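Enquirer: The structure follows.
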Amino acid sequence: MSSQSSALGQQPLRTVQVLGGGSAGSSAHVRSLAAGLTARGVRVAVCAPPAVDRIHDFGAVGAQHVPVDRSSDPAALAALRGACADADLVHAHGLHAGMRAALALSGLRTPLVVTWHTRAHAEGARAPLLRLLEKRVARAASVVLAPSSDLVLRARRRGARDARYAPTAFPAPPAGHGAPADTEARRNKTRAELGAVDRPLLVAVGALERHRGYGTLLDAAREWDRAEPSPLMVIAGEGPERGGLQERVRQEDLPVRLLGRRHDAAQLIAAADLAVLPSRWEARSVLAQQALVAGVPLVASRVGGIPELVGDGAALVPYGDPVALAATVLRLLADVPGRRALARRGLRQAATWPTEDATVAQALSVYDELTSPRTGL
């Protein structure tokens, strides 16, 4: 490890973390990883677009930020190759970041670790291209890390030499989150701003894309609109499906509000009676983690990595079944003791997730394994 390297009089391990556009989950993970690695004496450079660094401020945790656009054009690849030139190991986060890192490292013997934080979605003519991209990245990586078991299997099917289960930690909330009274005041204020003072509030968060299952969510909203009082469903996120979803809400007069892109997702979830995750597939959903950590009951599709993430700490329903989704939501809203019991189970499940320190230790173990000829370990 880096402390052993220092004892041997060698230079600290030099790593480069490569981000693409930087989803909320992967960017937060890289910041947490950079903080833990630098605290252990590892040199860390983060290659990411400037906009991502403005949000996450990698320099504040001791890492060097190298501005690199999310592009495979020659200039971006040259910048990335230059940043990786003296690295002992490169760790790319996401499929596209993995492909760009593989291209930048072409001809070099630098080990490449790729974390598949999630699964890309493509339909029609793009589906074969996505499979080809997955194969190229899986085969280029020295090790593929994945936060759900089904992603590990997918990487192996795509030809990964070494694919391992590596659940990423949910970053701890900022210090000074406030006393319980402050939390309750924020919750009431948020509900009032959303128009859910005297009615149940349901919250979903995520990009407005087809695989997120929002069409099913609107179908379910039509079912629970018959309840009295009717629950209000708010969806925080932006994406290509917004126009169609908004038109459905208007035409069918559904109790749904599209909030657009928000930076207070955790606050919205904390104010909810229920969080809802209707996706076709998820690995280690940020929404699911935020809900369980906040003690907010979660209703989610039984897909991908969700069952192993939430255990018995959430109510799971079949994907694409609006009747089951609506029935589960209405049952929980009507059963306050049952809802509280589900929230308690969610908090217990969240306590079993790996800590940020454990996540850093696992990554560093992989790094040491791949760079051991350099250190003599």
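Letters A, B, ... go to the chains of the structure tokens in the order shown; residues in each chain start at 1; ligands are counted from 1 in the same order.
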Give the helix (DSSP H, G or I) residues of region 138-222 of chain A, as assigned by DSSP on the backbone, as a PyMOL selection string.

Expert: chain A and resi 138-140+149-157+180-194+210-212+214-222

Enquirer: Determine, counting only C-alpha atoms, which protein, DNA and RNA residues have an atom within 8 Å of an atom of Ala221 (chain A); residues of the same chain fewer than 3 positions away are not included. Present the result as a compact mmCIF listing (two decimals) with N, CA, C and O atoms, in the first residue's frame.

Expert:
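As a result, result17.txt now contains:
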```
# COMPACT_ATOMS: atom_id res chain seq x y z
N LEU A 217 -45.66 5.05 -13.87
CA LEU A 217 -45.96 5.88 -12.71
C LEU A 217 -47.20 6.74 -12.96
O LEU A 217 -48.06 6.89 -12.09
N LEU A 218 -47.32 7.30 -14.16
CA LEU A 218 -48.51 8.10 -14.48
C LEU A 218 -49.76 7.22 -14.54
O LEU A 218 -50.85 7.65 -14.13
N TRP A 224 -54.51 6.06 -8.20
CA TRP A 224 -54.61 6.60 -6.84
C TRP A 224 -55.25 7.98 -6.80
O TRP A 224 -55.50 8.51 -5.71
N ASP A 225 -55.55 8.56 -7.97
CA ASP A 225 -56.24 9.84 -7.99
C ASP A 225 -57.65 9.72 -7.42
O ASP A 225 -58.27 10.70 -7.03
N MET A 233 -47.97 13.45 -6.60
CA MET A 233 -46.72 12.85 -7.06
C MET A 233 -45.86 13.94 -7.66
O MET A 233 -46.28 14.63 -8.60
N LEU A 254 -53.81 14.61 -14.14
CA LEU A 254 -53.24 13.73 -13.14
C LEU A 254 -52.65 14.52 -11.97
O LEU A 254 -52.16 15.64 -12.17
N PRO A 255 -52.65 13.95 -10.78
CA PRO A 255 -52.08 14.62 -9.60
C PRO A 255 -50.56 14.48 -9.58
O PRO A 255 -49.98 13.88 -8.67
N VAL A 256 -49.92 15.02 -10.61
CA VAL A 256 -48.47 14.87 -10.80
C VAL A 256 -47.88 16.23 -11.16
O VAL A 256 -48.45 16.97 -11.96
N ALA A 326 -49.87 1.09 -7.75
CA ALA A 326 -50.87 1.93 -7.10
C ALA A 326 -51.42 1.27 -5.85
O ALA A 326 -51.59 1.93 -4.80
```

Enquirer: Smallest atom-to-atom distance to Thr216 (chain A): which of A:Ala169, A:Ala363, A:Leu259, A:Leu325, using only C-alpha atoms?

Expert: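 Using only C-alpha atoms, the shortest distance to Thr216 (chain A) belongs to A:Leu325.
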
Enquirer: Can you pull out the residues contacting region 31-45 of chain A? Cut-off 10 Å, using only C-alpha atoms, and skip same-chain residues under 5 positions away; I want them as number ranges by chain.

Expert: A: 1-3, 5-6, 11-18, 26, 53, 56-66, 83-84, 87-88, 90, 168-172, 356-361, 363-364

Enquirer: Just want the 9 Å neighbourhood of Gln267 (chain A), counted on only C-alpha atoms, with same-chain residues fewer than 6 positions away dropped. Output as a ChimeraX atom specification.

Expert: /A:186-187,190
